Amino acid sequence: MKRILVVLFLTAYIATNAQNIKSPSEFLGYELGTEFSRHHEVIAYYNYLAQTVSDRVSLKPYGKTNERRPLMLAYVSSAENMKNIETIRANHLKNTRGEGNTEVAIVWLSYNVHGNESVSTEASMQTIYELLTKKASYLKNTVVIIDPCINPDGRDRYVNWYNENRNTPNNVDPKSKEHHEGWLNGRANHYMFDLNRDWAWLTQVESQQRLKVYNQWLPHVHVDFHEQGVDSPYYFAPAAEPYHEVITNFQRDFQVTIGKNHAKYFDENGWFYFTKEVFDLFYPSYGDTYPLYNGAIGMTYEQGGSGRAGLGILTRSGDTLTLKDRIAHHFTTGISTVEVASGNAKKLNEEFKKFYTNKNFKYKSYVLNGDNDKIKALTQLLEQHEIEYGWSDATTVKGFDYGSGKTKSSKTKNESLVVSTDQPKGTLVKVLFEPNAKLSDSLTYDITAWSLPYAYGLEAIASETKVNSPKAGSISNTSNTIITENTYAYIGTWNGMNDARFLANLLKENIKVKFSKKPFSLEGQKYDRGSLIITKSDNRNKKDFAIKLSEISKKHAKQLTPTSTGFVDRGDDFGSSSVHLIKKNNIAVLTGKPTSTLQFGEVWHFFEQQLKYPVTVLESDYLNAEDLEEYDVLILPDGWYGSFMNNNIQKELKEWVKNGGKLIAMGGAIEGLEGKSGFSIKSKKTEKDSTLIKHLITYENSEREGIKDLITGAIFKTKVDHTNPLAFGYGDSYFTLKLGDDSFEYLKEGTAVYLEEETTPAAGFAGSEARKRIANTLVFGTENYGRGHVVYMVDNPLFRGFWENGKLFFANALFMVD
C-alpha cells in the first residue's frame with residue numbers, strides 16, 4: 001500500500017509540475033512556427049526552464065561565438081539522475097577503459113549547425129518541453145544533452161534577414177524575395193565556415209569549445225539536425241554507403257532500429273521519408289561520423305526546407321510546406337530517438353564498452369618526423385581530441401612509407417612522434433592517420449582522403465607493430481636567442497606557418513626583413529631559400545628595434561641565429577641583389593558575388609585568426625581602379641567569374657598588375673582570367689574519345705558511370721620547383737588535396753608545383769577520365785606581367801583551414817613572390 005501511495009504521489013507531482021511549465025508558445029508570446037525565434041529568445045526559454053524545474057534541467061554555457069553570442073547546453077533528466085549526474089558521467093566514461101557499470105543512456109541532440117536550416121532550433125524547444133511533460137518517463141534511464149543552436153551567428157543572420165524581407169503575411173510563392181537569400185547567407189558561421197565539416201579539424205571557435213564538453217561525455221547517441229531542399233521528403237537513418245570500415249555491426253544495426261521507430265510515427269501521420277540514400281558515413285568531420293568514430297550512434301536527420309522555405313512555401317507538388325510542419329517532423333524524430341535509447345539503455349552501454357575494448361587494426365603505430373613547428377601543430381590537434389601520443393627512442397621502424405607509397409624500413413630520429421591505435425581513442429587515430437581509407441562505394445557526399453601526415457606535410461611510417469614511445473609530454477618551444485643592439489644581423493628559417501606568423505608580426509611592428517632567393521652558408525651553417533634576414537642596418541631608424549625583435553621572437557618561440565657579418569661562406573652576401581626586402585604589403589580580398597562564400601571565408605579566417613595580418617575586404621559591387629591603386633596584393637577567391645570579368649574589370653586588373661600589383665587567383669577565378677589579352681594561363685585541351693560507344697549506359701547506371709569524370713577530394717603527389725619563390729620552404733614534392741579536375745597547361749615560366757603523367761592518387765578516389773585530364777597540369781605557379789605578378793592557385797591550399805602544409809604556399813604568394 002505504501003509503495004502505491006509513493007507512485008501516486010510522484011505521478012501527481014510530475015503532473016503538477018508539467019502544468020506549471022509554460023510551453024514555448026506560451027513563453028515566447030507567439031505560436032511556435034508562426035515566427036522565427038532569435039537566439040536570445042531561445043536562450044531565454046531555456047533559462048526559464050532551468051529556473052522553473054531546476055531539479056530536472058541544468059543549463060550551462062560552453063563558450064561564445066565570434067560575434068559574442070552564447071553557446072549553451074541543456075542537461076535534461078529525471079530529478080534522481082540530475083542529483084547524481086557527475087557520478088553517471090564518470091561511470092559512463094569508465095566504459096572507455098572497460099571498467100564501467102551503468103545502464104543510463106546518454107543522448108546528445110545538436111540543432112542548427114547550419115544557420116539557415118533554421119527549423120531545428122525551434123523544434124528543440126518543443127522537444128525539451130515534451131521531455132519534461134508528456135515524455136518524462138523516457139528520462140528515468142537517460143540523460144539528454146541538448147545544444148539548441150551550434151551556430152548562433154549564422155542563424156541570427158538568417159532570421160534577421162528573413163524578418164527584414166518577408167511579406168506580411170508571409171508569401172508562399174517560391175519567387176518571392178523572402179525565399180531567396182543573398183550571397184551572404186546564413187548557412188555558415190561568422191567566418192563563412194561550414195561547422196558541420198569542422199568536427200575533426202577544429203579550426204573554428206564553436207567547434208573547439210564544443211568538443212571540450214563532448215569529450216567529457218562521449219554520448220551513446222548523437223543526432224545532428226539539418227534541412228535539405230524544399231521538395232525533399234524527410235531523411236533519417238540508416239545512412240547510405242559508404243560506411244567506414246571501423247563502424248561496427250551494432251552501430252549499423254542500431255541505425256536501422258532507430259529508423260524503423262521513426263518510420264512508425266511517420267507512417268501514422270502519412271509523412272514521406274527516405275533512408276539509405278545520399279548521406280554516407282565516411283568523411284570524419286561530420287556531426288554523424290565523428291561521434292561514430294568515438295563510439296556513438298551518430299546520425300543526420302534532414303528535413304525539407306532550408307533557407308528557402310521561410311514560414312511557408314509552395315512545393316513542386318503544389319503542397320504548402322510550413323514552418324509548423326518542419327517543426328513537427330524534427331520534433332518527432334528527436335523524441336523517437338530518446339524513446340529508442342531509453343528502451344535500449346543497457347545494450348547501448350554494453351556495446352559502447354565493446355567499441356573501446358575490441359581493437360585489432362592493421363597499423364598499430366604511426367611514426368612521424370619533420371619540421372618542429374608542424375609537429376607541434378599536429379600535437380595541439382591531438383590534445384584537443386584527447387588522443388594520446390609519445391616520443392620514441394632512436395630505433396628502426398618498418399611499415400608503409402607515406403612519401404614513397406611503399407613498404408620500407410626507416411631509422412627513426414630520437415624523439416620521433418608516435419601515435420598508437422592502442423589507446424581509448426584508437427579508432428579515431430586509425431581514421432585520421434590511415435594512409436588511404438577503404439571505400440566500399442565510390443559515390444560519396446564529401447572528400448575521400450584527409451590523412452593527417454599528408455595534411456601536415458610530415459614524414460610518416462605506418463607500422464604494423466607497436467612502436468615503443470616511452471617519453472610523454474607536449475613540445476615546449478621557446479626562443480633563447482639573445483637580441484642585442486650591436487649584432488649585425490639575425491637569420492631565421494622559413495619552413496612553416498609559425499615562421500609566417502613571426503614575419504607578419506615583424507612587418508606589423510615596422511621591422512624590416514629581407515629574404516634570400518638563393519641558399520647560402522655562413523659560419524658553418526646552411527640556410528635554404530626563403531631564409532629571413534633581419535639586419536641592424538635596415539632597422540637603424542627604429543629606436544626600439546632590439547626590444548621589439550626580442551619580444552616577437554619569444555612570442556612565436558622563434559629561434560634566430562645571430563651573425564656579426566654579411567659576408568657569407570657560400571652563396572650571395574647580404575648586400576646581393578638576390579637578397580630582397582620583404583614589402584609590408586597592403587592586401588585586399590574580393591568578397592560578394594562572384595566569389596565562393598566558403599573560400600572567401602577561408603581566406604578571411606587565414607588572415608585574421610591564423611596569420612594575424614591585416615586584410616581589407618573589398619565588395620565586388622563597388623570594385624574600381626581607384627580602389628586598386630591603394631593595394632599591393634588583391635586576392636580573388638574561388639568562384640564563378642564569367643559575368644564579373646567584363647571589359648572594364650579586365651582592363652582595370654591588367655593595368656593594376658602591369659603597374660606593380662600582385663593578383664592571386666584561386667580556383668574558378670583563374671578561369672576568369674583565361675583568354676584575356678596579356679595573361680598566359682590556358683586550360684588544358686583534352687582530346688575527346690572518337691571511338692564508338694561499345695555499350696549502352698542505362699539510365700539507372702548513369703550516375704555511377706559519371707563518377708569516371710569526378711575527383712571526390714583525393715590526395716596527389718606533385719612535383720615542386722623549390723627554386724621558385726612560391727615554393728620556398730618546400731622540398732621536391734608536395735601532397736595536394738584535389739577537389740576536381742580543373743586542368744591548366746604548365747606556364748612557360750613560373751610553374752612551381754605540377755602534376756606529371758602519372759596521376760594515381762596517393763589516397764582517395766579519382767575517376768579514370770578525370771585522372772587523364774589532370775595529367776601534366778599546373779597546380780601552383782607565378783607569372784610576371786609588366787612590373788607586377790599573377791599567382792595561380794588551381795588547388796586550394798587553405799581548404800577548410802585544415803590542410804596545414806598548403807598554407808606556406810599562400811604566405812609565399814603574399815610576401816616572397818616579388
# chains A, B, ... in the order shown; residues from 1 in each chain; ligands from 1
$ residues_around --residues "A:Asp638" --least-positions-apart "3" --cutoff "12 Å" --atoms "only C-alpha atoms" --output "PyMOL selection string"
chain A and resi 589-603+635+641+664-672+742+792-799
$ write_last_selection --atoms "N, CA and C atoms" --output "short mmCIF file (atom, residue, chain, number, x, y, z; two decimals), in the first residue's frame"
data_model
loop_
_atom_site.label_atom_id
_atom_site.label_comp_id
_atom_site.auth_asym_id
_atom_site.auth_seq_id
_atom_site.Cartn_x
_atom_site.Cartn_y
_atom_site.Cartn_z
N VAL A 589 41.11 41.43 -50.30
CA VAL A 589 40.48 40.22 -50.82
C VAL A 589 39.09 40.58 -51.32
N LEU A 590 38.72 40.01 -52.45
CA LEU A 590 37.41 40.28 -53.03
C LEU A 590 36.35 39.47 -52.31
N THR A 591 35.20 40.08 -52.07
CA THR A 591 34.09 39.40 -51.44
C THR A 591 32.82 39.64 -52.25
N GLY A 592 31.75 38.94 -51.90
CA GLY A 592 30.50 39.07 -52.62
C GLY A 592 30.54 38.30 -53.93
N LYS A 593 29.46 38.44 -54.69
CA LYS A 593 29.46 37.79 -55.99
C LYS A 593 30.60 38.37 -56.79
N PRO A 594 31.40 37.57 -57.47
CA PRO A 594 31.18 36.18 -57.87
C PRO A 594 31.93 35.16 -57.02
N THR A 595 32.37 35.50 -55.82
CA THR A 595 33.24 34.60 -55.06
C THR A 595 32.42 33.53 -54.34
N SER A 596 33.09 32.41 -54.03
CA SER A 596 32.51 31.38 -53.18
C SER A 596 32.54 31.87 -51.74
N THR A 597 31.40 31.81 -51.06
CA THR A 597 31.37 32.23 -49.65
C THR A 597 32.35 31.42 -48.81
N LEU A 598 32.44 30.12 -49.10
CA LEU A 598 33.31 29.27 -48.30
C LEU A 598 34.77 29.62 -48.49
N GLN A 599 35.21 29.83 -49.76
CA GLN A 599 36.63 30.13 -49.91
C GLN A 599 36.96 31.56 -49.51
N PHE A 600 36.04 32.48 -49.70
CA PHE A 600 36.28 33.81 -49.14
C PHE A 600 36.49 33.69 -47.63
N GLY A 601 35.65 32.88 -46.97
CA GLY A 601 35.78 32.70 -45.53
C GLY A 601 37.11 32.09 -45.14
N GLU A 602 37.59 31.13 -45.95
CA GLU A 602 38.89 30.52 -45.66
C GLU A 602 40.01 31.55 -45.72
N VAL A 603 39.95 32.45 -46.70
CA VAL A 603 40.97 33.49 -46.82
C VAL A 603 40.86 34.48 -45.66
N ILE A 635 43.46 39.44 -53.75
CA ILE A 635 43.16 38.01 -53.79
C ILE A 635 41.77 37.81 -54.37
N TYR A 641 33.29 33.54 -62.13
CA TYR A 641 33.69 34.88 -62.55
C TYR A 641 33.27 35.24 -63.98
N ILE A 664 46.40 37.34 -56.89
CA ILE A 664 46.38 35.93 -56.52
C ILE A 664 45.02 35.37 -56.91
N ALA A 665 45.01 34.51 -57.93
CA ALA A 665 43.77 33.95 -58.45
C ALA A 665 43.65 32.50 -58.00
N MET A 666 42.53 32.17 -57.37
CA MET A 666 42.33 30.84 -56.80
C MET A 666 41.16 30.13 -57.49
N GLY A 667 41.36 28.87 -57.84
CA GLY A 667 40.28 28.05 -58.36
C GLY A 667 39.58 28.67 -59.54
N GLY A 668 38.27 28.86 -59.44
CA GLY A 668 37.46 29.39 -60.53
C GLY A 668 37.84 30.78 -60.98
N ALA A 669 38.55 31.53 -60.13
CA ALA A 669 38.99 32.86 -60.54
C ALA A 669 39.98 32.79 -61.68
N ILE A 670 40.72 31.67 -61.78
CA ILE A 670 41.70 31.51 -62.86
C ILE A 670 40.99 31.46 -64.20
N GLU A 671 39.86 30.78 -64.25
CA GLU A 671 39.09 30.72 -65.50
C GLU A 671 38.64 32.11 -65.91
N GLY A 672 38.40 32.97 -64.93
CA GLY A 672 38.00 34.34 -65.25
C GLY A 672 39.10 35.14 -65.90
N ASP A 742 39.79 20.47 -62.65
CA ASP A 742 40.23 21.69 -63.34
C ASP A 742 41.67 21.50 -63.78
N TYR A 792 48.84 31.87 -59.62
CA TYR A 792 47.73 30.97 -59.92
C TYR A 792 47.72 29.82 -58.92
N MET A 793 46.58 29.61 -58.28
CA MET A 793 46.42 28.50 -57.34
C MET A 793 45.23 27.66 -57.78
N VAL A 794 45.53 26.63 -58.57
CA VAL A 794 44.47 25.77 -59.10
C VAL A 794 43.83 24.97 -57.97
N ASP A 795 44.64 24.38 -57.11
CA ASP A 795 44.13 23.69 -55.92
C ASP A 795 44.06 24.67 -54.76
N ASN A 796 43.31 24.32 -53.75
CA ASN A 796 43.07 25.21 -52.62
C ASN A 796 44.03 24.89 -51.46
N PRO A 797 45.04 25.73 -51.22
CA PRO A 797 45.98 25.44 -50.12
C PRO A 797 45.41 25.73 -48.74
N LEU A 798 44.22 26.34 -48.69
CA LEU A 798 43.62 26.71 -47.40
C LEU A 798 42.36 25.90 -47.12
N PHE A 799 42.18 24.77 -47.79
CA PHE A 799 40.91 24.04 -47.76
C PHE A 799 40.44 23.77 -46.33
#
$ residues_around --residues "A:Leu323" --least-positions-apart "3" --cutoff "10 Å" --atoms "only C-alpha atoms" --output "ChimeraX atom specification"
/A:32-36,118-119,122-123,305,309-313,320,326-328
$ write_last_selection --atoms "all heavy atoms" --output "tab-separated table (two decimals), in the first residue's frame"
chain	number	residue	atom	x	y	z
A	32	LEU	N	4.45	28.73	-31.65
A	32	LEU	CA	5.67	28.20	-32.24
A	32	LEU	C	5.39	27.82	-33.70
A	32	LEU	O	4.43	27.10	-34.00
A	32	LEU	CB	6.12	26.97	-31.45
A	32	LEU	CG	7.59	26.57	-31.61
A	32	LEU	CD1	8.50	27.65	-31.03
A	32	LEU	CD2	7.86	25.25	-30.90
A	33	GLY	N	6.24	28.32	-34.58
A	33	GLY	CA	6.07	28.04	-36.00
A	33	GLY	C	5.46	29.18	-36.78
A	33	GLY	O	5.38	29.12	-38.01
A	34	THR	N	5.01	30.23	-36.07
A	34	THR	CA	4.45	31.40	-36.77
A	34	THR	C	5.46	32.53	-36.88
A	34	THR	O	5.23	33.52	-37.58
A	34	THR	CB	3.20	31.92	-36.04
A	34	THR	OG1	3.56	32.33	-34.71
A	34	THR	CG2	2.13	30.84	-35.97
A	35	GLU	N	6.56	32.42	-36.17
A	35	GLU	CA	7.67	33.38	-36.23
A	35	GLU	C	8.97	32.60	-36.09
A	35	GLU	O	8.98	31.49	-35.55
A	35	GLU	CB	7.58	34.41	-35.09
A	35	GLU	CG	6.34	35.26	-35.08
A	35	GLU	CD	6.39	36.39	-36.11
A	35	GLU	OE1	7.48	36.62	-36.67
A	35	GLU	OE2	5.35	37.04	-36.32
A	36	PHE	N	10.07	33.22	-36.55
A	36	PHE	CA	11.38	32.67	-36.25
A	36	PHE	C	11.90	33.31	-34.97
A	36	PHE	O	11.91	34.55	-34.84
A	36	PHE	CB	12.36	32.93	-37.39
A	36	PHE	CG	12.20	32.00	-38.56
A	36	PHE	CD1	11.71	32.46	-39.76
A	36	PHE	CD2	12.51	30.65	-38.43
A	36	PHE	CE1	11.55	31.61	-40.83
A	36	PHE	CE2	12.35	29.78	-39.51
A	36	PHE	CZ	11.87	30.26	-40.71
A	118	SER	N	16.92	26.51	-40.33
A	118	SER	CA	16.55	27.22	-39.11
A	118	SER	C	15.49	26.55	-38.26
A	118	SER	O	15.25	26.95	-37.12
A	118	SER	CB	16.06	28.62	-39.50
A	118	SER	OG	15.10	28.50	-40.55
A	119	VAL	N	14.84	25.52	-38.79
A	119	VAL	CA	13.72	24.94	-38.05
A	119	VAL	C	14.17	24.20	-36.79
A	119	VAL	O	13.43	24.14	-35.80
A	119	VAL	CB	12.91	23.99	-38.95
A	119	VAL	CG1	13.74	22.81	-39.40
A	119	VAL	CG2	11.68	23.49	-38.23
A	122	GLU	N	13.91	25.79	-33.37
A	122	GLU	CA	12.50	25.88	-32.94
A	122	GLU	C	12.04	24.52	-32.41
A	122	GLU	O	11.39	24.43	-31.36
A	122	GLU	CB	11.61	26.32	-34.11
A	122	GLU	CG	12.08	27.55	-34.87
A	122	GLU	CD	11.93	28.84	-34.10
A	122	GLU	OE1	11.19	28.87	-33.08
A	122	GLU	OE2	12.55	29.85	-34.51
A	123	ALA	N	12.39	23.44	-33.12
A	123	ALA	CA	11.98	22.10	-32.72
A	123	ALA	C	12.60	21.70	-31.39
A	123	ALA	O	12.00	20.96	-30.60
A	123	ALA	CB	12.36	21.10	-33.80
A	305	GLY	N	13.35	21.96	-46.62
A	305	GLY	CA	13.07	23.37	-46.32
A	305	GLY	C	14.27	24.27	-46.50
A	305	GLY	O	14.37	25.02	-47.46
A	309	ALA	N	12.63	28.03	-47.39
A	309	ALA	CA	11.25	27.72	-47.01
A	309	ALA	C	10.55	28.83	-46.24
A	309	ALA	O	9.33	29.00	-46.37
A	309	ALA	CB	11.23	26.43	-46.21
A	310	GLY	N	11.30	29.58	-45.43
A	310	GLY	CA	10.67	30.63	-44.65
A	310	GLY	C	9.58	30.08	-43.74
A	310	GLY	O	9.68	28.96	-43.23
A	311	LEU	N	8.51	30.85	-43.56
A	311	LEU	CA	7.39	30.40	-42.74
A	311	LEU	C	6.47	29.47	-43.52
A	311	LEU	O	5.65	28.77	-42.93
A	311	LEU	CB	6.59	31.60	-42.22
A	311	LEU	CG	7.32	32.50	-41.22
A	311	LEU	CD1	6.45	33.69	-40.83
A	311	LEU	CD2	7.72	31.71	-39.97
A	312	GLY	N	6.63	29.47	-44.84
A	312	GLY	CA	5.81	28.59	-45.67
A	312	GLY	C	6.15	28.79	-47.13
A	312	GLY	O	6.47	29.90	-47.56
A	313	ILE	N	6.10	27.69	-47.90
A	313	ILE	CA	6.45	27.77	-49.32
A	313	ILE	C	5.70	26.69	-50.09
A	313	ILE	O	5.45	25.60	-49.57
A	313	ILE	CB	7.97	27.61	-49.51
A	313	ILE	CG1	8.38	27.95	-50.95
A	313	ILE	CG2	8.44	26.23	-49.12
A	313	ILE	CD1	9.89	28.05	-51.15
A	320	THR	N	1.76	23.09	-49.58
A	320	THR	CA	2.42	24.15	-48.84
A	320	THR	C	3.18	23.54	-47.67
A	320	THR	O	2.60	22.88	-46.81
A	320	THR	CB	1.42	25.19	-48.31
A	320	THR	OG1	0.73	25.77	-49.42
A	320	THR	CG2	2.13	26.28	-47.54
A	326	ARG	N	7.60	21.55	-40.48
A	326	ARG	CA	9.01	21.22	-40.31
A	326	ARG	C	9.34	20.96	-38.84
A	326	ARG	O	10.10	20.05	-38.50
A	326	ARG	CB	9.88	22.34	-40.88
A	326	ARG	CG	9.75	22.47	-42.40
A	326	ARG	CD	9.99	23.90	-42.89
A	326	ARG	NE	11.34	24.38	-42.64
A	326	ARG	CZ	11.69	25.67	-42.66
A	326	ARG	NH1	10.76	26.61	-42.90
A	326	ARG	NH2	12.94	26.02	-42.44
A	327	ILE	N	8.76	21.78	-37.96
A	327	ILE	CA	8.96	21.58	-36.52
A	327	ILE	C	8.42	20.21	-36.10
A	327	ILE	O	9.08	19.47	-35.36
A	327	ILE	CB	8.27	22.70	-35.71
A	327	ILE	CG1	9.00	24.04	-35.91
A	327	ILE	CG2	8.22	22.34	-34.21
A	327	ILE	CD1	8.27	25.22	-35.29
A	328	ALA	N	7.24	19.87	-36.57
A	328	ALA	CA	6.61	18.61	-36.19
A	328	ALA	C	7.49	17.41	-36.57
A	328	ALA	O	7.61	16.46	-35.80
A	328	ALA	CB	5.24	18.49	-36.85
$ closest_residue --among "A:Glu619, A:Asp325, A:Glu749, A:Asp371" --to "A:Glu459" --atoms "only C-alpha atoms"
A:Asp371
$ residues_around --residues "stretch 345-358 of chain A" --least-positions-apart "2" --cutoff "8 Å" --atoms "only C-alpha atoms" --output "PDB file with N, CA and C atoms, in the first residue's frame"
ATOM      1  N   HIS A  92      30.056   6.327 -16.807  1.00  0.00           N
ATOM      2  CA  HIS A  92      29.960   6.120 -18.257  1.00  0.00           C
ATOM      3  C   HIS A  92      31.335   6.169 -18.909  1.00  0.00           C
ATOM      4  N   ASN A  95      33.588   3.172 -19.143  1.00  0.00           N
ATOM      5  CA  ASN A  95      33.378   2.207 -20.223  1.00  0.00           C
ATOM      6  C   ASN A  95      34.477   2.281 -21.269  1.00  0.00           C
ATOM      7  N   THR A  96      35.080   3.446 -21.441  1.00  0.00           N
ATOM      8  CA  THR A  96      36.148   3.575 -22.440  1.00  0.00           C
ATOM      9  C   THR A  96      37.396   2.810 -22.024  1.00  0.00           C
ATOM     10  N   ARG A  97      37.457   2.420 -20.748  1.00  0.00           N
ATOM     11  CA  ARG A  97      38.581   1.615 -20.244  1.00  0.00           C
ATOM     12  C   ARG A  97      38.128   0.203 -19.865  1.00  0.00           C
ATOM     13  N   GLY A  98      36.863  -0.122 -20.234  1.00  0.00           N
ATOM     14  CA  GLY A  98      36.340  -1.456 -19.956  1.00  0.00           C
ATOM     15  C   GLY A  98      35.965  -1.676 -18.521  1.00  0.00           C
ATOM     16  N   GLY A 100      33.350   0.281 -16.783  1.00  0.00           N
ATOM     17  CA  GLY A 100      32.084   0.894 -16.391  1.00  0.00           C
ATOM     18  C   GLY A 100      31.016  -0.123 -16.028  1.00  0.00           C
ATOM     19  N   THR A 102      27.043   0.816 -15.790  1.00  0.00           N
ATOM     20  CA  THR A 102      25.895   1.722 -15.714  1.00  0.00           C
ATOM     21  C   THR A 102      24.895   1.343 -16.790  1.00  0.00           C
ATOM     22  N   GLU A 103      23.640   1.662 -16.556  1.00  0.00           N
ATOM     23  CA  GLU A 103      22.594   1.367 -17.530  1.00  0.00           C
ATOM     24  C   GLU A 103      21.832   2.632 -17.907  1.00  0.00           C
ATOM     25  N   VAL A 104      22.483   3.784 -17.746  1.00  0.00           N
ATOM     26  CA  VAL A 104      21.896   5.063 -18.166  1.00  0.00           C
ATOM     27  C   VAL A 104      22.405   5.395 -19.560  1.00  0.00           C
ATOM     28  N   ALA A 105      21.496   5.751 -20.461  1.00  0.00           N
ATOM     29  CA  ALA A 105      21.871   6.123 -21.829  1.00  0.00           C
ATOM     30  C   ALA A 105      22.108   7.626 -21.916  1.00  0.00           C
ATOM     31  N   ASN A 141      15.971   6.634 -17.338  1.00  0.00           N
ATOM     32  CA  ASN A 141      17.271   5.982 -17.548  1.00  0.00           C
ATOM     33  C   ASN A 141      18.059   6.629 -18.691  1.00  0.00           C
ATOM     34  N   THR A 142      17.781   7.899 -18.952  1.00  0.00           N
ATOM     35  CA  THR A 142      18.555   8.638 -19.954  1.00  0.00           C
ATOM     36  C   THR A 142      18.920  10.017 -19.427  1.00  0.00           C
ATOM     37  N   HIS A 220      26.214   8.027 -26.021  1.00  0.00           N
ATOM     38  CA  HIS A 220      25.881   6.791 -26.738  1.00  0.00           C
ATOM     39  C   HIS A 220      25.229   7.105 -28.086  1.00  0.00           C
ATOM     40  N   THR A 248      30.926  -0.333 -36.476  1.00  0.00           N
ATOM     41  CA  THR A 248      30.647  -1.697 -36.033  1.00  0.00           C
ATOM     42  C   THR A 248      29.288  -2.187 -36.537  1.00  0.00           C
ATOM     43  N   PHE A 250      26.993  -3.375 -34.688  1.00  0.00           N
ATOM     44  CA  PHE A 250      25.960  -2.838 -33.801  1.00  0.00           C
ATOM     45  C   PHE A 250      25.581  -1.415 -34.202  1.00  0.00           C
ATOM     46  N   GLY A 295      32.487   6.027 -30.812  1.00  0.00           N
ATOM     47  CA  GLY A 295      31.679   5.028 -30.135  1.00  0.00           C
ATOM     48  C   GLY A 295      30.187   5.268 -30.100  1.00  0.00           C
ATOM     49  N   ALA A 296      29.704   6.398 -30.615  1.00  0.00           N
ATOM     50  CA  ALA A 296      28.283   6.721 -30.547  1.00  0.00           C
ATOM     51  C   ALA A 296      27.512   6.134 -31.729  1.00  0.00           C
ATOM     52  N   ALA A 341      16.526   5.066 -27.322  1.00  0.00           N
ATOM     53  CA  ALA A 341      17.691   4.999 -26.435  1.00  0.00           C
ATOM     54  C   ALA A 341      17.288   4.533 -25.041  1.00  0.00           C
ATOM     55  N   SER A 342      16.175   5.053 -24.539  1.00  0.00           N
ATOM     56  CA  SER A 342      15.697   4.662 -23.219  1.00  0.00           C
ATOM     57  C   SER A 342      15.355   3.172 -23.186  1.00  0.00           C
ATOM     58  N   GLY A 343      14.747   2.675 -24.257  1.00  0.00           N
ATOM     59  CA  GLY A 343      14.371   1.269 -24.313  1.00  0.00           C
ATOM     60  C   GLY A 343      15.538   0.319 -24.519  1.00  0.00           C
ATOM     61  N   ASN A 360      41.690  -4.259 -33.252  1.00  0.00           N
ATOM     62  CA  ASN A 360      42.771  -5.036 -33.860  1.00  0.00           C
ATOM     63  C   ASN A 360      43.045  -4.461 -35.252  1.00  0.00           C
ATOM     64  N   PRO A 424      42.369   4.448 -25.825  1.00  0.00           N
ATOM     65  CA  PRO A 424      40.913   4.617 -25.913  1.00  0.00           C
ATOM     66  C   PRO A 424      40.451   5.265 -27.224  1.00  0.00           C
ATOM     67  N   LYS A 425      41.175   6.264 -27.701  1.00  0.00           N
ATOM     68  CA  LYS A 425      40.784   6.933 -28.957  1.00  0.00           C
ATOM     69  C   LYS A 425      41.433   6.265 -30.183  1.00  0.00           C
TER      70      LYS A 425
END
$ select_by_dssp --residues "stretch 464-546 of chain A" --states "helix (DSSP H, G or I)" --output "ChimeraX atom specification"
/A:497-508,545-546
$ residues_around --residues "A:His40" --least-positions-apart "2" --cutoff "10 Å" --atoms "only C-alpha atoms" --output "list in words"
Ser37, Arg38, Val42, Ile43, Ala44, Tyr45, Tyr46, Arg69, Pro70, Pro152 and Asp156 of chain A
$ closest_residue --among "A:Arg210, A:Lys408, A:His190, A:Lys543" --to "A:Leu73" --atoms "only C-alpha atoms"
A:Arg210
$ closest_residue --among "A:Gly530, A:Glu783, A:Thr736, A:Pro614" --to "A:Thr723" --atoms "only C-alpha atoms"
A:Gly530
$ residues_around --residues "A:Val256" --least-positions-apart "5" --cutoff "9 Å" --atoms "only C-alpha atoms" --output "list in words"
Ala237, Pro238, Ala239, Gln251 and Asn261 of chain A
$ write_last_selection --atoms "N, CA and C atoms" --output "PDB file, in the first residue's frame"
ATOM      1  N   ALA A 237      18.091   7.910 -40.524  1.00  0.00           N
ATOM      2  CA  ALA A 237      18.902   6.691 -40.600  1.00  0.00           C
ATOM      3  C   ALA A 237      18.009   5.482 -40.926  1.00  0.00           C
ATOM      4  N   PRO A 238      18.636   4.436 -41.503  1.00  0.00           N
ATOM      5  CA  PRO A 238      20.058   4.197 -41.726  1.00  0.00           C
ATOM      6  C   PRO A 238      20.621   4.989 -42.900  1.00  0.00           C
ATOM      7  N   ALA A 239      21.941   5.216 -42.818  1.00  0.00           N
ATOM      8  CA  ALA A 239      22.628   6.039 -43.795  1.00  0.00           C
ATOM      9  C   ALA A 239      22.954   5.241 -45.059  1.00  0.00           C
ATOM     10  N   GLN A 251      26.575  -0.576 -34.504  1.00  0.00           N
ATOM     11  CA  GLN A 251      26.269   0.788 -34.921  1.00  0.00           C
ATOM     12  C   GLN A 251      25.415   0.793 -36.184  1.00  0.00           C
ATOM     13  N   ASN A 261      11.733   2.900 -35.878  1.00  0.00           N
ATOM     14  CA  ASN A 261      10.870   3.573 -34.900  1.00  0.00           C
ATOM     15  C   ASN A 261      10.368   4.905 -35.446  1.00  0.00           C
TER      16      ASN A 261
END
$ closest_atom_pairs --of "stretch 473-526 of chain A" --to "stretch 569-581 of chain A" --cutoff "10 Å" --atoms "only C-alpha atoms" --output "tab-separated table"
residue	atom	partner	partner_atom	distance
A:Ala489	CA	A:Phe574	CA	9.4
A:Lys512	CA	A:Leu581	CA	7.3
A:Val513	CA	A:Leu581	CA	6.0
A:Lys514	CA	A:Leu581	CA	4.2
A:Phe515	CA	A:His580	CA	5.5
A:Ser516	CA	A:Val579	CA	4.4
A:Lys517	CA	A:Ser578	CA	5.4
A:Lys518	CA	A:Ser578	CA	6.7
A:Pro519	CA	A:Gly571	CA	6.3
A:Phe520	CA	A:Gly571	CA	4.4
A:Ser521	CA	A:Arg570	CA	4.9
A:Leu522	CA	A:Asp569	CA	5.2
A:Glu523	CA	A:Asp569	CA	7.0
A:Gly524	CA	A:Asp569	CA	8.1
A:Gln525	CA	A:Asp569	CA	9.3
A:Lys526	CA	A:Arg570	CA	8.9
$ atom_distance --atom1 "atom CA of A:Ser420" --atom2 "atom CA of A:Tyr363"
8.4 Å
$ residues_around --residues "A:Arg308" --least-positions-apart "2" --cutoff "8 Å" --atoms "only C-alpha atoms" --output "list in words"
Pro174, Glu178, His179, His180, Glu181, Val230, Gly305, Ser306, Gly310 and Ile313 of chain A
$ atom_distance --atom1 "atom CA of A:Lys658" --atom2 "atom CA of A:Leu755"
29.1 Å
$ residues_around --residues "A:Leu628" --least-positions-apart "4" --cutoff "9 Å" --atoms "only C-alpha atoms" --output "list in words"
Ala588, Leu623, Asn624, Asp632, Val633, Leu634, Glu652, Leu653, Trp656 and Gly661 of chain A
$ write_last_selection --atoms "C-alpha atoms" --output "short mmCIF file (atom, residue, chain, number, x, y, z; two decimals), in the first residue's frame"
data_model
loop_
_atom_site.label_atom_id
_atom_site.label_comp_id
_atom_site.auth_asym_id
_atom_site.auth_seq_id
_atom_site.Cartn_x
_atom_site.Cartn_y
_atom_site.Cartn_z
CA ALA A 588 42.81 43.12 -50.14
CA LEU A 623 35.42 47.47 -57.07
CA ASN A 624 37.10 50.10 -59.27
CA ASP A 632 49.77 45.85 -53.32
CA VAL A 633 48.00 42.48 -53.36
CA LEU A 634 44.49 41.52 -54.46
CA GLU A 652 41.49 47.64 -64.65
CA LEU A 653 43.02 44.41 -63.33
CA TRP A 656 46.94 47.42 -62.00
CA GLY A 661 50.23 44.89 -58.38
#
